[in-house]
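For reference, the structure discussed in these notes is given below.
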2 protein chains.
Amino acid sequence: MITETGSVTIHNVAKVAGVSISTVSRVVNGLGRVAPETRRKVENAIRRLDFHPNSRAQALSRKRTDTIGLIVPDFEGQYFSMLMEGAHEEAQTNGVHIMVIKAKESEAQIEAVSRLCSEGRTDGAILMLSELYDEVLEEIGDINGPLVILDRDVNVWRLDNVLLDNRLGAFEATKHFIDIHRITKMFFVGSSKSNLDTFARAQGFSDALKSIGQDAQGRQFFGNNYSYDEGYRIAEEKIYPLIESQEHYGVVAANDDIACGIIDALMDKGIRVPEQVGITGFDDSDIAIHRRPKITTMHIPTKEIGRLAVRMILNRLADLVSEPTKVVMKARLIVRESCGCGKHNNRISGDKSVQ
Amino acid sequence: MITETGSVTIHNVAKVAGVSISTVSRVVNGLGRVAPETRRKVENAIRRLDFHPNSRAQALSRKRTDTIGLIVPDFEGQYFSMLMEGAHEEAQTNGVHIMVIKAKESEAQIEAVSRLCSEGRTDGAILMLSELYDEVLEEIGDINGPLVILDRDVNVWRLDNVLLDNRLGAFEATKHFIDIHRITKMFFVGSSKSNLDTFARAQGFSDALKSIGQDAQGRQFFGNNYSYDEGYRIAEEKIYPLIESQEHYGVVAANDDIACGIIDALMDKGIRVPEQVGITGFDDSDIAIHRRPKITTMHIPTKEIGRLAVRMILNRLADLVSEPTKVVMKARLIVRESCGCGKHNNRISGDKSVQ
DNA sequence: AAAAATGGTAAAAAGGCTTTTATAGGAATC
DNA sequence: GATTCCTATAAAAGCCTTTTTACCATTTTT
């Protein structure tokens, strides 16, 4: 009955308190009724022995781990930080833990879901799907345990869904140029076309153009990723050659990094930003505010998304909902300087302004 | 013997394969010898039933969870991302998982360690201690399970330690101004004095000043946190008034955000950066390269630290080491533009070239 | 040819908790 | 005063593996 070094079990507590283990269990979990006198004895024993219930045994017995999985393609950037922040906060207040796995490729994603859900390591998982992998959806269809899909609009039975209206977001950014700045010549710069976010944002851009009777044909440029360098390269190679000195332009970038690259590339070419070319980013990341000109961008309620995703899993575990739930969040335009609004302290002295 | 919906257990496999559960276990784990014929039968059954061993039961039986805890004060910034990146990578290749908890205050940290280690949710934990909480060290002294302390130099029996030589890092940054730029008037700007990193970096700054016979007295300024705004405020209120127009200065900032704030504040006041005042950051974060002038900064091998921390825990679990291990990593100077070196496309006009 | 070693498998014993079921002792009922 | 009903607790039955032990049937050794 005596266990090895270190671990003091419910048995030890029971022995010291002079009660049965089931009584100790009831005291620990506050279930069922326990006579005040007995409770006191047990609590003393627990304190004396510094007893901590073994969560592994609890997990086996209760058939749950009080842990939720979070599968993301990437740890970099504010998006992950904020998602984590929201998810952790909601988890924390509900006494559950977060297990994080990075899985970018479809194979790794399937593997991750399996480890978390099929093997029962977590009670549910949040899966961020930013690339177009149908095979993942197929594979996870028959996984047991609640699953929330982020970022990608899925219509699979049993899967909950939180997503951002990227199309509307880009539409609003583009509309800002049209309505406020009276600009009619616009470009869109995104990551790769296979990236779902970029694709949706390109659509929103296109929608806005259609609203003023234009076609997006030839005005959308796609790179390989969401980096500063891609933005710089595309601005230099594709956009700069199209700029005519007497015209005003607007560029809708698919994220803030790209926007920065574009700004620097154009400025390096001597174009006045935002006077001649206004630029908007997307994501409202740190750099959007720490740059001059400060970047006008679309704020994504990422923290809220993380919080909500955890909540949805918790709800499902508590059997509070039956139907698959889909929540679409909206991005919010944050007007700063790079679009042409506001002041832009930076270019005080020798404002390059070539030409 | 038949279990409820969903979960297929080792019993079911045994029954279908017509063998005992121990045989199934041996096949699954590849331990002991199994006749080829038997193995085939078991493998078929596993495939037919889509059996996944229940990790909760494994954890109880094996007395380990194959999970490592990571306790950090904050999810924001590159530091966390990179730490996560390294830790996850090392964990992944060794088949273990990462459970993340945010705990900034000492109470929360103690609680987190307890949940992870005392309750057996993880096999060990990495604890990042960036503030000076002695009570945490006292409390975790008698926790069982390997514990690696990051960032803070501890000399507690049983605790492994990975840290960065912040003092040396700041020393080198300061030395750069002295040796390369021949600057003799320097300032240091940090977060709060109770922040261990800031404190060590301030010391390094002081060391460098001593090496040229100066005293750091009155040249060190401390703010409330590591933010851009604090950098801006301190530069505006404390540093700007001290600047004389004919002199050249160097400012060693305790991180890149502060450095950015300083740069913008001084530029807003009409000071030429880096011509008249050179600035170095610390951390080599994203913004350090996406700003103009690009920020000269100290690169921290964060990913390596994360990787190493996990490795240390794994080693201890495998009983490969006995003595507490302490590893001190070095920061590396990344020379860019803000110190006065290199070109800085931004200020095309008056190329500085300090004296 | 008897004894010992070996190989393959089954049975059973943990592992530490939760939860259901059973059982004592007292209070309430008639 | 015997019967019924509660109540507080104990006992036992899972939860699902791993791992040790035991066993039988072959082989190998002496």
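Quick note on naming: the chains in the structure tokens go A, B, ... in the order shown, residues restart at 1 in each chain, and ligands are numbered from 1 in order of appearance.
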* After fitting chain A to chain B over every Cα pair taken in order, the RMSD ->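 Here the C-alpha RMSD works out to 1.8 Å.
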* Asked: Given a cut-off of 7 Å, which residues of chain B touch chain C, counting only C-alpha atoms (C1' of nucleotides), written out as a ChimeraX atom specification?
  -> /B:20,34-35,60-61
* Residue nearest chain B among A:Ala200, A:Leu320, A:Ala288, A:Ile46 (counting only C-alpha atoms) -> A:Ala288
* Specify as a VMD selection string all residues of chain B found within 9 Å of chain A, counting only C-alpha atoms. => chain B and resid 6 to 7 51 to 57 59 to 60 63 to 65 67 74 to 78 80 to 82 84 to 85 88 to 89 92 97 to 102 114 to 115 118 to 121 144 228 257 260 to 261 264 267 to 268 270 286 to 287 290 to 292 345 to 349
Show me, as JSON lines, the residues of chain D having an atom within 7 Å of chain A, each with the closest atom pair and its distance in Å, using only C-alpha atoms (C1' of nucleotides).
{"residue": "D:DA8", "atom": "C1'", "partner": "A:Val34", "partner_atom": "CA", "distance": 6.8}
{"residue": "D:DA10", "atom": "C1'", "partner": "A:Ser20", "partner_atom": "CA", "distance": 6.2}
{"residue": "D:DC15", "atom": "C1'", "partner": "A:Ser61", "partner_atom": "CA", "distance": 4.8}
* Structure fact -> Using only C-alpha atoms, the residue out of B:Pro301, B:Pro324, B:Pro274, B:Gly281 with shortest distance to Cys341 (chain B) is B:Pro274
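Between CA of Met312 (chain A) and CA of Phe282 (chain A) there is a distance of 26.2 Å.
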If you run DSSP on the backbone here, which positions in region 226-300 of chain A get strand (DSSP E or B)? Please write them as a PDB file with C-alpha atoms, in the first residue's frame.
ATOM      1  CA  TYR A 249      -2.876  55.771 -55.927  1.00  0.00           C
ATOM      2  CA  GLY A 250      -4.005  53.481 -53.171  1.00  0.00           C
ATOM      3  CA  VAL A 251      -2.417  50.155 -52.304  1.00  0.00           C
ATOM      4  CA  VAL A 252      -4.245  47.602 -50.195  1.00  0.00           C
ATOM      5  CA  ALA A 253      -1.727  45.214 -48.700  1.00  0.00           C
ATOM      6  CA  VAL A 277       0.493  56.686 -52.918  1.00  0.00           C
ATOM      7  CA  GLY A 278      -1.541  55.738 -49.895  1.00  0.00           C
ATOM      8  CA  ILE A 279      -1.126  52.320 -48.379  1.00  0.00           C
ATOM      9  CA  THR A 280      -3.207  50.245 -45.999  1.00  0.00           C
ATOM     10  CA  ASP A 283      -3.674  42.851 -38.975  1.00  0.00           C
ATOM     11  CA  THR A 296      -3.583  52.517 -41.508  1.00  0.00           C
ATOM     12  CA  THR A 297      -4.678  48.959 -41.100  1.00  0.00           C
ATOM     13  CA  MET A 298      -7.493  46.528 -40.364  1.00  0.00           C
ATOM     14  CA  HIS A 299      -7.605  45.415 -36.776  1.00  0.00           C
TER      15      HIS A 299
END
